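Heads up, protein.txt below (compact mmCIF, C-alpha atoms and all ligand atoms):
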# COMPACT_ATOMS: atom_id res chain seq x y z
CA MET A 1 -1.53 9.99 -21.19
CA GLN A 2 2.04 11.28 -20.82
CA GLN A 3 3.99 10.44 -17.70
CA PRO A 4 3.60 13.33 -15.26
CA GLU A 5 6.70 14.48 -13.37
CA HIS A 6 4.88 14.86 -10.12
CA ILE A 7 1.37 15.02 -8.72
CA SER A 8 0.66 17.40 -5.88
CA ILE A 9 -1.29 16.41 -2.80
CA PRO A 10 -1.52 18.17 0.58
CA GLN A 11 1.18 15.89 2.07
CA GLY A 12 3.64 17.06 -0.65
CA PRO A 13 4.61 16.22 -4.22
CA VAL A 14 4.39 12.62 -5.41
CA HIS A 15 7.33 12.02 -7.75
CA ILE A 16 6.28 9.75 -10.57
CA ARG A 17 8.79 7.07 -11.54
CA SER A 18 7.20 4.62 -13.99
CA LEU A 19 3.99 3.21 -15.39
CA LEU A 20 2.77 0.07 -13.63
CA GLY A 21 -0.21 -0.59 -15.81
CA ARG A 22 -2.91 0.85 -17.97
CA GLY A 23 -6.28 -0.73 -17.39
CA LYS A 24 -9.72 -0.15 -18.77
CA SER A 25 -10.29 2.83 -16.53
CA ALA A 26 -6.98 4.25 -15.38
CA TYR A 27 -3.23 4.66 -15.52
CA SER A 28 -1.43 3.38 -12.43
CA TRP A 29 1.90 5.06 -11.79
CA LEU A 30 4.60 4.03 -9.36
CA GLY A 31 5.79 7.06 -7.43
CA SER A 32 7.35 8.17 -4.20
CA LEU A 33 6.08 10.43 -1.47
CA GLY A 34 8.71 11.49 1.04
CA GLY A 35 10.71 8.29 0.57
CA ARG A 36 7.70 5.99 0.61
CA GLU A 37 6.71 4.05 -2.52
CA VAL A 38 3.13 4.70 -3.56
CA VAL A 39 0.81 3.97 -6.46
CA CYS A 40 -1.04 6.83 -8.06
CA LYS A 41 -4.09 5.72 -10.03
CA VAL A 42 -5.29 8.38 -12.44
CA MET A 43 -8.65 7.72 -14.06
CA HIS A 44 -9.01 8.21 -17.79
CA LYS A 45 -11.90 8.22 -20.20
CA GLU A 46 -9.96 7.13 -23.25
CA ASP A 47 -12.09 4.13 -24.09
CA CYS A 48 -15.32 5.97 -23.68
CA PRO A 49 -15.09 9.48 -25.15
CA TYR A 50 -18.85 9.99 -25.33
CA TYR A 51 -19.61 9.25 -21.73
CA SER A 52 -17.90 10.87 -18.78
CA PHE A 53 -18.04 8.81 -15.63
CA GLU A 54 -14.61 9.42 -14.13
CA ASP A 55 -15.59 11.29 -11.01
CA GLU A 56 -17.97 8.41 -10.38
CA LYS A 57 -15.00 6.05 -10.62
CA THR A 58 -13.01 7.43 -7.69
CA ARG A 59 -16.19 7.38 -5.60
CA LEU A 60 -16.84 3.77 -6.55
CA GLU A 61 -13.27 2.74 -5.78
CA GLU A 62 -13.41 4.47 -2.41
CA ARG A 63 -16.63 2.69 -1.51
CA ASP A 64 -15.28 -0.66 -2.74
CA TYR A 65 -12.03 -0.19 -0.78
CA HIS A 66 -13.98 0.13 2.48
CA HIS A 67 -16.11 -2.87 1.63
CA LEU A 68 -13.04 -5.00 0.93
CA ARG A 69 -11.32 -3.85 4.13
CA ASP A 70 -14.41 -4.67 6.20
CA ALA A 71 -14.58 -8.11 4.62
CA GLY A 72 -10.98 -8.87 5.60
CA ILE A 73 -9.61 -8.97 2.05
CA PRO A 74 -5.94 -7.90 1.99
CA VAL A 75 -5.77 -4.69 -0.08
CA PRO A 76 -3.24 -1.84 -0.15
CA ASP A 77 -4.01 1.09 2.19
CA LEU A 78 -5.85 3.94 0.52
CA LEU A 79 -3.67 6.97 1.31
CA TYR A 80 -5.38 9.85 -0.43
CA ILE A 81 -8.27 10.41 -2.80
CA ASP A 82 -9.15 13.42 -4.95
CA HIS A 83 -12.59 13.14 -6.52
CA GLU A 84 -12.33 16.50 -8.29
CA ASN A 85 -9.14 15.57 -10.12
CA ASN A 86 -10.01 11.90 -10.51
CA PHE A 87 -7.09 10.18 -8.89
CA LEU A 88 -6.21 8.21 -5.81
CA LEU A 89 -3.06 7.25 -3.99
CA LYS A 90 -2.50 3.86 -2.44
CA GLU A 91 0.23 1.94 -0.72
CA TYR A 92 2.62 0.15 -3.11
CA ILE A 93 2.78 -3.59 -2.46
CA PRO A 94 6.28 -4.80 -3.35
CA GLY A 95 6.43 -8.23 -4.92
CA ILE A 96 5.41 -10.04 -8.07
CA THR A 97 2.07 -9.83 -9.84
CA ALA A 98 0.23 -13.15 -10.08
CA ASP A 99 0.39 -13.19 -13.90
CA ARG A 100 4.21 -13.28 -13.68
CA LEU A 101 4.16 -15.93 -10.98
CA ILE A 102 1.85 -18.12 -13.09
CA ALA A 103 4.05 -17.63 -16.16
CA GLU A 104 6.88 -19.26 -14.17
CA GLY A 105 4.81 -22.30 -13.21
CA LEU A 106 1.63 -23.14 -11.33
CA PRO A 107 0.99 -20.95 -8.28
CA PRO A 108 1.90 -22.59 -4.95
CA ARG A 109 -1.01 -24.05 -3.00
CA PRO A 110 -0.83 -21.57 -0.07
CA ILE A 111 -1.29 -18.73 -2.56
CA LEU A 112 -4.25 -20.46 -4.19
CA TRP A 113 -5.90 -21.07 -0.82
CA GLN A 114 -5.65 -17.37 -0.05
CA LEU A 115 -7.33 -16.66 -3.38
CA PHE A 116 -10.09 -19.19 -2.60
CA ASP A 117 -10.53 -17.60 0.80
CA MET A 118 -10.97 -14.15 -0.76
CA ALA A 119 -13.51 -15.59 -3.20
CA SER A 120 -15.49 -17.22 -0.43
CA ARG A 121 -15.59 -13.98 1.60
CA CYS A 122 -16.81 -12.15 -1.50
CA ARG A 123 -19.32 -14.83 -2.40
CA GLN A 124 -20.84 -14.69 1.10
CA ARG A 125 -21.43 -10.99 0.60
CA GLY A 126 -22.79 -11.27 -2.91
CA TRP A 127 -19.74 -9.82 -4.63
CA ASN A 128 -17.27 -10.61 -7.35
CA ILE A 129 -13.84 -9.05 -7.51
CA ASP A 130 -11.81 -9.00 -10.73
CA TYR A 131 -10.08 -12.37 -10.48
CA PHE A 132 -7.77 -11.78 -13.44
CA PRO A 133 -4.20 -12.43 -12.15
CA THR A 134 -2.82 -8.95 -12.97
CA ASN A 135 -4.94 -7.60 -10.11
CA PHE A 136 -3.05 -9.62 -7.48
CA VAL A 137 0.41 -9.15 -5.99
CA ILE A 138 2.31 -11.78 -3.99
CA SER A 139 4.38 -10.10 -1.33
CA GLY A 140 6.36 -12.48 0.85
CA GLU A 141 3.91 -15.31 1.36
CA ARG A 142 0.86 -13.11 1.23
CA LEU A 143 -1.61 -12.50 -1.58
CA TYR A 144 -3.05 -9.00 -2.02
CA TYR A 145 -5.85 -7.79 -4.25
CA VAL A 146 -4.38 -4.50 -5.50
CA ASP A 147 -7.34 -3.31 -7.59
CA TYR A 148 -10.29 -2.05 -5.51
CA GLU A 149 -13.01 -3.05 -7.97
CA VAL A 150 -16.02 -4.92 -6.56
CA ASN A 151 -19.02 -5.98 -8.63
CA PRO A 152 -22.28 -7.69 -7.76
CA TYR A 153 -21.85 -11.46 -7.83
CA ASP A 154 -22.49 -13.08 -11.18
CA ALA A 155 -21.60 -16.74 -11.64
CA ARG A 156 -20.28 -16.06 -15.13
CA TRP A 157 -17.50 -13.85 -13.71
CA SER A 158 -16.86 -15.82 -10.53
CA LEU A 159 -13.53 -17.36 -9.54
CA GLU A 160 -14.96 -20.85 -10.07
CA GLN A 161 -16.33 -20.34 -13.54
CA TRP A 162 -14.09 -17.60 -14.90
CA GLY A 163 -11.01 -16.31 -13.07
CA LEU A 164 -9.44 -19.55 -11.92
CA TYR A 165 -8.88 -20.76 -15.48
CA TYR A 166 -6.37 -17.94 -15.95
CA TRP A 167 -4.50 -19.06 -12.83
CA ALA A 168 -4.01 -22.49 -14.43
CA ASN A 169 -2.94 -21.35 -17.90
CA ILE A 170 0.85 -21.07 -17.78
CA ALA A 171 1.41 -20.92 -21.55
CA GLY A 172 -1.33 -18.35 -21.93
CA MET A 173 0.18 -16.09 -19.26
CA ARG A 174 3.62 -16.41 -20.85
CA ALA A 175 2.23 -15.37 -24.23
CA MET A 176 0.30 -12.46 -22.71
CA ILE A 177 3.39 -11.16 -20.91
CA ALA A 178 5.69 -11.71 -23.89
CA GLY A 179 3.58 -9.96 -26.48
CA GLY A 180 0.27 -8.90 -25.03
CA SER A 181 -1.64 -11.57 -26.94
CA MET A 182 -4.67 -13.09 -25.23
CA ALA A 183 -4.93 -15.79 -27.91
CA LEU A 184 -3.86 -18.64 -25.62
CA LEU A 185 -6.00 -17.40 -22.75
CA ASN A 186 -9.38 -16.68 -24.30
CA THR A 187 -11.67 -18.66 -26.57
CA SER A 188 -11.71 -15.84 -29.12
CA PRO A 189 -10.28 -12.31 -29.25
CA ASP A 190 -13.43 -10.52 -28.06
CA SER A 191 -15.08 -13.20 -25.96
CA GLY A 192 -13.45 -12.28 -22.63
CA MET A 193 -14.05 -15.93 -21.83
CA PRO A 194 -11.23 -18.25 -20.80
CA ILE A 195 -10.17 -21.44 -22.51
CA ARG A 196 -11.38 -24.06 -20.05
CA GLU A 197 -11.20 -27.60 -21.34
CA PRO A 198 -7.46 -28.37 -20.84
CA PHE A 199 -7.66 -27.17 -17.22
CA GLU A 200 -10.82 -28.84 -15.93
CA ALA A 201 -9.00 -31.76 -14.29
CA LEU A 202 -6.51 -29.48 -12.53
CA LEU A 203 -9.24 -27.15 -11.27
CA ARG A 204 -11.21 -30.11 -9.93
CA CYS A 205 -8.08 -31.22 -8.12
CA TRP A 206 -7.56 -27.76 -6.58
CA ARG A 207 -11.18 -27.54 -5.42
CA GLU A 208 -11.03 -30.95 -3.77
CA GLU A 209 -7.75 -30.21 -2.02
CA TYR A 210 -9.06 -26.90 -0.72
CA ARG A 211 -12.06 -28.45 0.97
N1 LIG A 301 -0.75 -1.17 -4.69
C1 LIG A 301 -0.11 -1.76 -5.70
N2 LIG A 301 1.04 -2.40 -5.50
C2 LIG A 301 1.69 -2.98 -6.52
N3 LIG A 301 1.26 -2.98 -7.80
C3 LIG A 301 0.11 -2.37 -8.08
C4 LIG A 301 -0.62 -1.72 -7.04
N4 LIG A 301 -1.72 -1.19 -7.59
C5 LIG A 301 -1.67 -1.48 -8.90
N5 LIG A 301 -0.58 -2.19 -9.21
C6 LIG A 301 -0.20 -2.65 -10.56
O1 LIG A 301 -0.81 -1.78 -11.51
C7 LIG A 301 -1.72 -2.49 -12.34
C8 LIG A 301 -2.97 -1.67 -12.60
O2 LIG A 301 -3.64 -1.34 -11.39
P1 LIG A 301 -5.20 -1.59 -11.17
O3 LIG A 301 -5.58 -0.92 -9.89
O4 LIG A 301 -5.50 -3.05 -11.33
O5 LIG A 301 -5.81 -0.75 -12.36
P2 LIG A 301 -6.99 -1.05 -13.39
O6 LIG A 301 -8.27 -0.73 -12.69
O7 LIG A 301 -6.68 -0.05 -14.46
O8 LIG A 301 -6.90 -2.46 -13.81
C9 LIG A 301 -2.00 -3.78 -11.59
O9 LIG A 301 -2.30 -4.80 -12.50
C10 LIG A 301 -0.72 -4.04 -10.85
O10 LIG A 301 0.20 -4.71 -11.69
MG MG A 302 -6.81 -4.10 -12.65

Mind turning this structure into structure tokens?
Amino acid sequence: MQQPEHISIPQGPVHIRSLLGRGKSAYSWLGSLGGREVVCKVMHKEDCPYYSFEDEKTRLEERDYHHLRDAGIPVPDLLYIDHENNFLLKEYIPGITADRLIAEGLPPRPILWQLFDMASRCRQRGWNIDYFPTNFVISGERLYYVDYEVNPYDARWSLEQWGLYYWANIAGMRAMIAGGSMALLNTSPDSGMPIREPFEALLRCWREEYR
């Protein structure tokens, strides 16, 4: 997808400045709307040409956004949603994404405790969120979940058994940011499963401290 110059919504034109990220389902653009920084997430179907589910995707994200808000998980405000044209607009959270923070050294404890708190709120409700660090922004002292994706709880994709290993893997995050390689993060290229063994002791330590 080429960078659009602007995207029109009833409140006015959103001027698009740069690409923040391209995920499995969307392009997220940083833009401005009347002087305010916003994120415009435009759904795509590039990975799945034979199956069109994009208008589903904005509906799912809208539903998940309300669920997360109700559960007290810090997420950016949803500013506008267009199901027909498959995009949404949300508040931009200024700060550093967790993958970059981790690449600089282990995340500070107060940030981890906020992550654990989010996971426990989700767990109580039978949900998982996507605990991969690129989905979190640290703004000031506060941790935000900037993706709106919520899935039914499955232990295999929980913070405990899956996501937290990425938050401990400094070298892996550095390599991912430097060249996009997941080789030091995952057990094999297609497994989607984190390398665990070198981090077990640290994770045990974090869990005990959190209690
Ligand atoms: N509200 C936001 N504030 C700051 N950065 C954001 C925001 N929303 C998204 N991003 C950045 O854009 C990236 C992609 O957005 P995300 O909603 O996670 O899309 P995807 O579903 O494609 O993973 C994120 O990893 C994050 O770096
Ligand atoms: Mg994401």

Would you kindly return, as a PyMOL selection string, each protein, DNA or RNA residue with an atom no farther than 7 Å from any atom of region 16-20 of chain A, considering all atoms listed in the file and excluding same-chain residues fewer than 5 positions away? chain A and resi 4-6+28-32

Mind listing the residues within 8 Å of ligand MG 302 (chain A), all atoms listed in the file counted, as an NGL selection string? :A and (23-24 or 130 or 132 or 134-135 or 146-147 or 149)

Can you work out which one of A:Met1, A:Val39, A:Ile129, A:Met182 has the shortest atom-to-atom distance to Ile93 (chain A), counting all atoms listed in the file?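 Of A:Met1, A:Val39, A:Ile129, A:Met182, the one nearest Ile93 (chain A) is A:Val39, counting all atoms listed in the file.
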
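Taking CA of Ala119 (chain A) as the reference point, CA of Pro189 (chain A) is found at 26.5 Å.
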
Can you tell me, as a PyMOL selection string, what residues are no more than 6 Å from Ala103 (chain A) when counting only C-alpha atoms, ignoring any on the same chain fewer than 4 positions away? chain A and resi 170+173-174

Gap from CA of Gly95 (chain A) to CA of Leu33 (chain A) - Å, one decimal: 19.0 Å

Residue neighbourhood region 77-83 of chain A, 9 Å, only C-alpha atoms, exclusion window fewer than 6 positions, as a VMD selection string: chain A and resid 9 38 54 to 59 62 65 89 to 92

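Straight-line separation from CA of Pro152 (chain A) to CA of Leu106 (chain A): 28.7 Å.
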